[in-house]
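Enquirer: Next comes the structure file data_3.cif, holding mmCIF, C-alpha atoms and all ligand atoms.
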```
data_structure
loop_
_atom_site.label_atom_id
_atom_site.label_comp_id
_atom_site.auth_asym_id
_atom_site.auth_seq_id
_atom_site.Cartn_x
_atom_site.Cartn_y
_atom_site.Cartn_z
CA MET S 1 100.05 40.52 99.70
CA LEU S 2 98.97 41.01 96.09
CA VAL S 3 95.58 42.25 97.23
CA THR S 4 97.24 44.87 99.43
CA GLN S 5 99.45 46.02 96.57
CA VAL S 6 96.54 46.24 94.17
CA SER S 7 94.42 48.21 96.62
CA LEU S 8 97.33 50.51 97.41
CA TYR S 9 97.76 51.07 93.70
CA ILE S 10 94.08 51.85 93.24
CA VAL S 11 94.03 54.25 96.19
CA GLY S 12 97.23 55.88 94.89
CA SER S 13 95.86 56.39 91.40
CA LEU S 14 92.60 57.73 92.74
CA PHE S 15 94.46 60.21 94.89
CA CYS S 16 96.59 61.25 91.90
CA PHE S 17 93.52 61.69 89.74
CA VAL S 18 91.77 63.89 92.30
CA GLU S 19 94.93 65.95 92.80
CA LYS S 20 95.25 66.43 89.05
CA LEU S 21 91.65 67.57 88.81
CA ARG S 22 92.17 69.95 91.68
CA ASN S 23 95.30 71.42 90.11
CA LYS S 24 93.57 71.70 86.79
CA LYS S 25 90.75 73.60 88.42
CA ILE S 26 93.21 75.96 90.07
CA ALA S 27 95.14 76.34 86.80
CA PHE S 28 91.91 77.04 84.95
CA ARG S 29 90.89 79.66 87.44
CA MET S 30 94.30 81.21 87.44
CA GLU S 31 94.53 81.46 83.71
CA PHE S 32 91.08 82.70 82.90
CA ASP S 33 89.44 84.19 85.95
CA ARG S 34 91.79 86.68 87.45
CA VAL S 35 92.28 90.03 85.82
CA GLN S 36 95.76 90.28 87.30
CA THR S 37 96.80 87.22 85.26
CA ILE S 38 95.05 88.47 82.12
CA ALA S 39 96.76 91.84 82.60
CA SER S 40 100.23 90.32 82.67
CA LEU S 41 99.50 88.47 79.42
CA SER S 42 97.91 91.53 77.77
CA PHE S 43 100.92 93.74 78.18
CA ASP S 44 103.00 91.83 75.63
CA LYS S 45 100.23 92.28 73.09
CA GLU S 46 99.55 95.92 73.97
CA ALA S 47 95.87 95.04 73.72
CA ILE S 48 93.10 93.89 75.99
CA PRO S 49 90.65 91.06 75.39
CA GLU S 50 87.40 92.02 73.66
CA GLU S 51 85.26 91.24 76.73
CA PHE S 52 86.85 94.16 78.61
CA ILE S 53 86.15 96.77 75.92
CA MET S 54 83.28 99.00 76.99
CA PRO S 55 80.70 100.36 74.53
CA GLU S 56 81.74 103.86 73.39
CA LYS S 57 79.19 105.63 75.56
CA GLU S 58 81.03 104.27 78.61
CA GLN S 59 84.64 104.50 77.44
CA PRO S 60 86.58 106.84 79.71
CA ALA S 61 88.59 108.42 76.89
CA ILE S 62 85.35 109.62 75.31
CA THR S 63 83.22 110.35 78.38
CA THR S 64 85.56 111.93 80.97
CA PHE S 65 84.99 115.66 81.42
CA ARG S 66 88.17 117.59 80.54
CA GLY S 67 87.15 121.19 81.37
CA LEU S 68 87.41 123.07 84.62
CA ALA S 69 85.27 121.11 87.07
CA PRO S 70 84.26 121.84 90.66
CA GLU S 71 86.01 119.73 93.28
CA ILE S 72 84.42 117.25 95.65
CA PRO S 73 84.10 119.08 99.00
CA ALA S 74 86.97 118.42 101.44
CA ILE S 75 85.87 118.77 105.06
CA ASP S 76 87.90 119.02 108.29
CA LEU S 77 86.28 116.49 110.61
CA SER S 78 88.07 117.92 113.67
CA ASP S 79 86.43 121.35 113.33
CA PRO S 80 85.23 122.29 116.85
CA ASP S 81 82.40 124.37 115.36
CA GLN S 82 79.82 121.60 115.23
CA GLU S 83 77.14 123.67 113.58
CA LYS S 84 79.48 124.52 110.74
CA LEU S 85 80.56 120.90 110.37
CA VAL S 86 76.94 119.70 110.25
CA GLY S 87 76.16 122.32 107.60
CA LEU S 88 79.13 121.37 105.40
CA ILE S 89 78.45 117.63 105.58
CA ALA S 90 74.70 118.02 105.03
CA ASP S 91 75.23 120.30 102.02
CA ALA S 92 77.81 117.95 100.49
CA SER S 93 75.50 114.96 101.03
CA LYS S 94 72.55 116.72 99.42
CA GLU S 95 74.39 118.21 96.49
CA TRP S 96 77.15 115.68 95.82
CA GLY S 97 76.52 112.48 97.77
CA ILE S 98 80.27 112.36 98.33
CA PHE S 99 82.93 114.29 100.22
CA GLN S 100 86.45 113.82 101.52
CA VAL S 101 87.36 114.17 105.20
CA ILE S 102 90.69 115.20 106.67
CA ASN S 103 91.75 115.21 110.36
CA HIS S 104 89.48 112.20 110.89
CA GLY S 105 91.52 110.69 113.70
CA ILE S 106 92.87 107.60 111.91
CA PRO S 107 96.68 107.80 112.17
CA SER S 108 98.36 108.13 108.80
CA ASP S 109 100.84 105.36 109.76
CA LEU S 110 97.92 102.99 110.23
CA ILE S 111 96.50 103.90 106.82
CA ALA S 112 99.92 103.27 105.29
CA GLU S 113 100.09 99.88 107.04
CA LEU S 114 96.62 98.94 105.83
CA GLN S 115 97.65 99.82 102.28
CA GLY S 116 101.00 98.04 102.60
CA ALA S 117 99.42 94.83 103.90
CA GLY S 118 96.77 94.77 101.15
CA LYS S 119 99.37 95.48 98.47
CA LYS S 120 101.56 92.62 99.72
CA PHE S 121 98.58 90.26 99.56
CA PHE S 122 97.88 91.14 95.92
CA GLU S 123 101.56 90.73 95.08
CA LEU S 124 101.61 87.14 96.40
CA PRO S 125 101.87 84.33 93.84
CA GLN S 126 98.45 83.56 92.39
CA GLU S 127 98.00 80.21 94.14
CA GLU S 128 98.56 81.82 97.52
CA LYS S 129 95.84 84.38 96.87
CA GLU S 130 93.50 81.56 95.84
CA VAL S 131 93.64 80.29 99.43
CA CYS S 132 91.25 83.16 100.26
CA ALA S 133 89.09 82.65 97.13
CA ARG S 134 85.34 83.02 97.42
CA PRO S 135 83.89 79.52 97.05
CA ARG S 136 81.92 79.28 93.81
CA ASP S 137 78.68 78.22 95.46
CA SER S 138 78.94 80.73 98.30
CA GLU S 139 75.95 82.91 99.09
CA SER S 140 78.14 85.66 100.47
CA ILE S 141 80.39 88.00 98.51
CA GLU S 142 83.23 87.45 100.97
CA GLY S 143 86.55 86.22 99.58
CA TYR S 144 89.08 86.88 96.84
CA GLY S 145 87.64 87.08 93.35
CA SER S 146 86.74 88.90 90.16
CA LYS S 147 83.43 90.29 88.94
CA LEU S 148 80.83 87.61 88.34
CA LEU S 149 78.92 88.03 85.10
CA ASN S 150 75.13 87.77 85.21
CA ASP S 151 74.75 87.38 81.47
CA PRO S 152 77.14 86.81 78.56
CA GLN S 153 76.55 90.30 77.12
CA GLU S 154 77.88 91.93 80.23
CA LYS S 155 81.41 93.34 80.06
CA LYS S 156 84.25 92.34 82.33
CA THR S 157 86.00 95.08 84.26
CA TRP S 158 89.71 95.57 84.97
CA VAL S 159 89.80 94.68 88.66
CA ASP S 160 90.18 91.85 91.16
CA HIS S 161 88.99 92.19 94.74
CA LEU S 162 89.01 90.80 98.23
CA PHE S 163 85.95 91.19 100.45
CA HIS S 164 85.77 90.42 104.16
CA ARG S 165 83.96 91.86 107.15
CA ILE S 166 86.05 93.62 109.76
CA TRP S 167 83.37 94.50 112.35
CA PRO S 168 81.47 93.54 114.55
CA PRO S 169 83.54 90.58 115.81
CA PRO S 170 80.75 87.94 115.56
CA SER S 171 80.33 88.76 111.85
CA ILE S 172 83.99 88.13 111.04
CA ASN S 173 84.93 85.15 108.91
CA TYR S 174 88.68 84.72 109.30
CA GLN S 175 88.67 82.20 106.45
CA PHE S 176 88.82 85.21 104.14
CA TRP S 177 91.45 87.21 106.02
CA PRO S 178 94.87 86.61 104.46
CA GLU S 179 97.48 85.04 106.75
CA ASN S 180 100.12 86.50 104.53
CA PRO S 181 101.60 89.07 105.02
CA PRO S 182 101.77 88.18 108.73
CA SER S 183 100.83 91.73 109.76
CA TYR S 184 97.58 91.61 107.74
CA ARG S 185 95.21 90.58 110.52
CA GLU S 186 96.56 92.86 113.23
CA VAL S 187 96.53 95.88 110.94
CA ASN S 188 92.96 95.25 109.78
CA LYS S 189 91.72 94.80 113.35
CA GLU S 190 93.35 98.05 114.34
CA TYR S 191 91.83 99.82 111.35
CA ALA S 192 88.33 98.60 112.29
CA LYS S 193 88.86 99.85 115.82
CA TYR S 194 89.73 103.38 114.68
CA MET S 195 87.04 103.34 112.03
CA ARG S 196 84.28 103.08 114.67
CA ASP S 197 84.71 106.63 115.92
CA VAL S 198 84.64 108.00 112.37
CA VAL S 199 81.46 106.00 111.68
CA ASP S 200 79.74 107.37 114.79
CA LYS S 201 80.73 110.92 113.97
CA LEU S 202 79.45 110.63 110.40
CA PHE S 203 76.10 109.13 111.39
CA THR S 204 75.59 111.74 114.13
CA THR S 205 76.47 114.64 111.87
CA LEU S 206 74.29 113.33 109.04
CA SER S 207 71.35 112.93 111.46
CA LEU S 208 71.72 116.46 112.83
CA GLY S 209 71.93 117.74 109.26
CA LEU S 210 68.40 116.44 108.65
CA GLY S 211 67.06 118.00 111.85
CA LEU S 212 66.96 114.59 113.57
CA GLU S 213 68.39 113.67 116.95
CA GLY S 214 72.00 112.52 116.65
CA HIS S 215 71.33 108.82 117.21
CA VAL S 216 68.56 108.33 114.65
CA LEU S 217 70.33 107.39 111.41
CA LYS S 218 72.79 105.00 113.00
CA GLU S 219 70.00 103.21 114.82
CA ALA S 220 67.88 103.05 111.67
CA ALA S 221 70.82 101.49 109.83
CA GLY S 222 71.36 98.74 112.41
CA GLY S 223 73.06 100.45 115.38
CA GLU S 224 75.79 98.28 116.89
CA GLN S 225 74.89 95.52 114.42
CA ILE S 226 75.99 97.57 111.40
CA GLU S 227 78.42 95.40 109.46
CA TYR S 228 81.69 96.82 108.17
CA MET S 229 82.41 95.06 104.89
CA LEU S 230 85.94 95.81 103.70
CA LYS S 231 86.74 95.48 100.03
CA ILE S 232 90.18 95.80 98.51
CA ASN S 233 90.11 96.70 94.83
CA TYR S 234 93.22 95.82 92.85
CA TYR S 235 93.25 97.41 89.39
CA PRO S 236 96.28 96.02 87.54
CA PRO S 237 98.20 98.21 85.05
CA CYS S 238 96.29 98.16 81.77
CA PRO S 239 97.68 98.57 78.22
CA ARG S 240 94.42 100.25 77.06
CA PRO S 241 92.97 102.29 79.95
CA ASP S 242 91.09 104.40 77.39
CA LEU S 243 88.78 101.51 76.49
CA THR S 244 87.87 99.82 79.76
CA LEU S 245 86.71 100.58 83.29
CA GLY S 246 87.72 99.34 86.74
CA VAL S 247 84.22 99.47 88.17
CA GLU S 248 81.23 100.44 86.02
CA ALA S 249 78.90 103.30 86.99
CA HIS S 250 76.97 102.43 90.17
CA THR S 251 75.79 103.67 93.52
CA ASP S 252 76.86 101.71 96.61
CA LEU S 253 74.19 99.60 98.28
CA SER S 254 75.62 100.45 101.71
CA ALA S 255 74.40 103.13 104.10
CA ILE S 256 77.76 104.91 103.94
CA THR S 257 81.06 103.89 102.32
CA ILE S 258 84.39 105.04 103.76
CA LEU S 259 87.18 104.66 101.22
CA VAL S 260 90.95 104.95 101.26
CA PRO S 261 92.56 105.08 97.80
CA ASN S 262 96.20 104.74 96.84
CA GLU S 263 97.93 107.60 95.03
CA VAL S 264 96.90 106.48 91.52
CA PRO S 265 93.87 108.54 90.40
CA GLY S 266 90.82 106.80 88.98
CA LEU S 267 87.67 107.51 90.98
CA GLN S 268 85.14 109.49 88.94
CA ILE S 269 81.76 110.82 89.99
CA PHE S 270 78.81 111.86 87.89
CA LYS S 271 77.80 115.44 88.61
CA ASP S 272 75.74 117.85 86.50
CA ASP S 273 75.87 115.48 83.53
CA HIS S 274 79.64 115.06 83.58
CA TRP S 275 82.08 112.40 84.74
CA ILE S 276 84.60 114.29 86.85
CA GLU S 277 87.74 112.97 88.53
CA ALA S 278 88.17 112.94 92.30
CA LYS S 279 91.29 114.71 93.45
CA TYR S 280 93.70 112.61 95.51
CA ILE S 281 94.28 114.10 98.96
CA PRO S 282 96.91 112.10 100.89
CA ASP S 283 95.49 110.52 104.08
CA ALA S 284 91.95 111.75 103.42
CA LEU S 285 88.99 109.39 103.62
CA ILE S 286 86.46 109.51 100.80
CA ILE S 287 82.90 109.27 102.12
CA HIS S 288 80.17 108.03 99.78
CA ILE S 289 76.51 108.33 100.65
CA GLY S 290 75.06 104.91 99.78
CA ASP S 291 71.57 103.74 98.87
CA GLN S 292 70.39 103.06 102.45
CA ILE S 293 70.97 106.64 103.64
CA GLU S 294 69.29 107.94 100.50
CA ILE S 295 66.32 105.70 101.28
CA LEU S 296 66.14 106.57 105.01
CA SER S 297 66.25 110.29 104.19
CA ASN S 298 63.64 109.78 101.45
CA GLY S 299 66.03 111.24 98.90
CA LYS S 300 67.23 114.30 100.84
CA TYR S 301 70.74 112.86 100.83
CA LYS S 302 71.86 111.50 97.44
CA ALA S 303 73.66 108.22 96.81
CA VAL S 304 76.52 109.22 94.52
CA LEU S 305 76.84 107.69 91.06
CA HIS S 306 80.50 106.78 90.55
CA ARG S 307 82.88 104.61 88.51
CA THR S 308 86.62 103.98 88.27
CA THR S 309 89.17 104.14 85.51
CA VAL S 310 92.49 102.30 85.42
CA ALA S 311 96.06 103.36 84.71
CA LYS S 312 98.58 102.31 82.11
CA ASP S 313 101.75 101.79 84.11
CA ARG S 314 100.66 101.60 87.71
CA ALA S 315 98.35 99.43 89.76
CA ARG S 316 95.53 101.40 91.34
CA MET S 317 94.20 100.14 94.66
CA SER S 318 91.42 101.21 96.99
CA TRP S 319 90.01 100.09 100.34
CA PRO S 320 86.30 100.91 100.66
CA VAL S 321 84.50 99.88 103.87
CA PHE S 322 80.78 99.44 103.18
CA LEU S 323 78.66 100.10 106.27
CA GLU S 324 75.72 97.75 105.83
CA PRO S 325 72.60 97.04 107.86
CA PRO S 326 72.22 93.43 109.05
CA GLY S 327 70.35 91.42 106.39
CA GLU S 328 67.12 91.03 108.36
CA LEU S 329 66.78 94.74 109.15
CA VAL S 330 63.89 96.46 107.41
CA VAL S 331 64.94 99.77 105.82
CA GLY S 332 62.63 102.39 104.35
CA PRO S 333 62.05 106.15 104.36
CA LEU S 334 61.85 107.47 107.95
CA PRO S 335 58.33 108.54 109.01
CA GLU S 336 59.74 112.02 109.82
CA PHE S 337 60.11 112.65 106.08
CA ILE S 338 56.76 111.35 104.89
CA ASN S 339 53.61 113.45 104.67
CA LYS S 340 50.93 114.16 102.10
CA ASP S 341 53.23 116.42 100.07
CA ASN S 342 56.15 114.03 100.38
CA PRO S 343 55.13 110.47 99.60
CA PRO S 344 57.77 107.74 100.06
CA LYS S 345 60.15 107.65 97.09
CA PHE S 346 61.47 104.19 97.96
CA LYS S 347 60.08 100.83 99.03
CA THR S 348 60.52 99.59 102.57
CA LYS S 349 62.19 96.18 102.61
CA LYS S 350 64.71 93.94 104.32
CA PHE S 351 68.29 94.87 103.51
CA LYS S 352 69.02 91.33 102.30
CA ASP S 353 66.16 91.59 99.78
CA TYR S 354 67.44 94.98 98.62
CA MET S 355 70.91 93.49 98.19
CA TYR S 356 69.58 90.48 96.28
CA CYS S 357 67.76 92.69 93.77
CA LYS S 358 70.71 95.03 93.36
CA LEU S 359 73.32 92.31 92.85
CA ASN S 360 71.10 90.49 90.37
CA LYS S 361 70.11 93.71 88.59
CA LEU S 362 66.41 93.19 89.36
CA PRO S 363 63.98 96.09 89.94
CA GLN S 364 63.65 97.02 93.63
C1 LIG L 401 83.52 100.22 94.71
C2 LIG L 401 84.06 101.51 94.23
C3 LIG L 401 85.86 103.05 94.01
C4 LIG L 401 87.35 103.12 93.99
O1 LIG L 401 84.33 99.29 94.89
O2 LIG L 401 82.30 100.15 94.96
O3 LIG L 401 83.27 102.31 93.84
O4 LIG L 401 87.87 104.23 94.11
N1 LIG L 401 85.38 101.75 94.25
O5 LIG L 401 88.00 102.10 93.83
NI NI L 402 81.33 102.03 94.76
#
```
Turn this file's structure into structure tokens for me.

Expert:
Amino acid sequence: MLVTQVSLYIVGSLFCFVEKLRNKKIAFRMEFDRVQTIASLSFDKEAIPEEFIMPEKEQPAITTFRGLAPEIPAIDLSDPDQEKLVGLIADASKEWGIFQVINHGIPSDLIAELQGAGKKFFELPQEEKEVCARPRDSESIEGYGSKLLNDPQEKKTWVDHLFHRIWPPPSINYQFWPENPPSYREVNKEYAKYMRDVVDKLFTTLSLGLGLEGHVLKEAAGGEQIEYMLKINYYPPCPRPDLTLGVEAHTDLSAITILVPNEVPGLQIFKDDHWIEAKYIPDALIIHIGDQIEILSNGKYKAVLHRTTVAKDRARMSWPVFLEPPGELVVGPLPEFINKDNPPKFKTKKFKDYMYCKLNKLPQ
């Protein structure tokens, strides 16, 4: 009898101890890891922690161009004049590396539902969001999280995110798809379904714009195995948006990125030595040329350098879908663009090796 009681007691205390540790870990992560939590504490102080303050040469208040700037091209994807469409998209991809598309075929109600579902997820209590957290030892970027710092000198940025693949079905990891709000999964599946036609149209048009047959770029980027990695960026309101950034200057490592923003401005692109703001066009998709298309085209199409700023009173959100080759696929400049006057400008390597170097800030 006594033995049973003692062992019950021991098991009970052990259980309690583990639970406490677990809670402590969650509490620790909640308090210190998530920008959303830091943001709610910062507002009372009207200041942001030192580790979010960018060096002056990167501060948006100092470096954003305030004059009259040209606008990112906006292109009607439903234009029946294919030659014209190819010309517009090719020019934008060579000169800007970014453009917006309207009349792309994704219903505006569906875009609103995608935004609504993502917004509800980020408004859940912190511990409910942590259910989708990226495990610390995970090799993949999938899951809910904040920027990981490679070295202590690096600055934090004013954003939390959720990453998960939405296509093709075998690549999907539902562990990282929120169950709350209940509509989340259905809406995201529907979005992926509609996205496929836009993806095909973009790849075809970009191929034709380089004088290639329509199927070439998509095939070179992985064909039906191209992975659609969705990211939701949540940029909480920030008491000092003049000093920090949402995402630091970068090019995307994808082939193409297709992004839906909310109505709060913040995307900036670097053009002709200036950081200029992208105009918000309701229901438009923002198309970024990423590193893999730049590489395949041997630099004819440019991966756009971009960054984001945050807002004082409103949360900014965005939903980029990164179209990525499967990890084992070897990507390099297409032979069509290499000759004795045009040597390869980029190395040929597996996409997973490219990604590893990029994420760890190692030379390619
Ligand atoms: C990104 C990015 C831009 C935005 O997440 O890679 O550039 O508008 N986001 O949020
Ligand atoms: Ni980006």

Enquirer: Can you tell me which residues surround segment 219-233 of chain S at a distance of at most 6 Å, considering all atoms listed in the file, apart from same-chain residues fewer than 2 positions away, and format the answer as a ChimeraX atom specification?

Expert: /S:161-167,216-217,317-325

Enquirer: With all atoms listed in the file counted, collect every polymer residue having an atom within 7 Å of ligand NI 402 (chain L); state the result as a list in words.

Expert: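 Counting all atoms listed in the file, the residues within 7 Å of ligand NI 402 (chain L) come out as His250, Thr251, Asp252, His306 and Arg307 of chain S.
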
Enquirer: What does the structure give for the distance between atom CA of Trp96 of chain S and atom CA of Val304 of chain S, in Å to one decimal?

Expert: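 These atoms are spaced 6.6 Å apart.
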
Enquirer: Taking all atoms listed in the file into account, name the residue in S:Thr257, S:Thr157, S:Gln115, S:Ser171 that is nearest to ligand LIG 401 (chain L).

Expert: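 Distance minimum relative to ligand LIG 401 (chain L) lands on S:Thr257.
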
Enquirer: Considering all atoms listed in the file, state which residue in the set S:Thr308, S:Asn339, S:Thr244, S:Asn150 is at the smallest distance from ligand LIG 401 (chain L).

Expert: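 Nearest to ligand LIG 401 (chain L): S:Thr308.
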
Enquirer: So, counting only C-alpha atoms, which residue among S:Arg240, S:His104, S:Arg134, S:Arg66 is closest to Gln175 of chain S?

Expert: S:Arg134

Enquirer: Counting only C-alpha atoms, figure out which residue out of S:Asp283, S:Asp353, S:Glu142, S:Asp109 gets nearest to Tyr174 of chain S.

Expert: S:Glu142

Enquirer: Work out how far apart atom CA of Pro241 of chain S and atom CA of Phe99 of chain S are and give it in Å to one decimal.

Expert: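 Those two atoms sit 25.6 Å apart.
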
Enquirer: Name the residues within 12 Å of (99.9, 95.5, 98.1), counting all atoms listed in the file in the file's coordinates, and put them as an MDAnalysis selection string.

Expert: chainID S and resid 112:124 129 161:162 180:181 184 232:236 262 315:319

Enquirer: Need to verify the contact set: Gly332 of chain S, 9 Å, all atoms listed in the file, exclusion of same-chain residues closer than 4 positions in sequence. Can you return it as a PyMOL selection string?

Expert: chain S and resi 292+295-298+344+346-350

Enquirer: Using only C-alpha atoms, which of the listed residues (S:Pro178, S:Ser78, S:Pro169, S:Ala311) sits closest to Val131 of chain S?

Expert: S:Pro178

Enquirer: Just how far from atom CA of Leu334 of chain S is atom CA of Ser254 of chain S, in Å to one decimal?

Expert: 16.7 Å

Enquirer: Which residue is closest to ligand LIG 401 (chain L)? Choose from S:Asp341, S:Asp200, S:Glu294, S:Asp160 and count only C-alpha atoms and all ligand atoms.

Expert: S:Asp160

Enquirer: So that I can check the surroundings of Ile111 of chain S, please list as an MDAnalysis selection string every protein, DNA and RNA residue that reaches within 8 Å of it, counting only C-alpha atoms and ignoring chain neighbours fewer than 5 positions away.

Expert: chainID S and resid 106 191 260 283
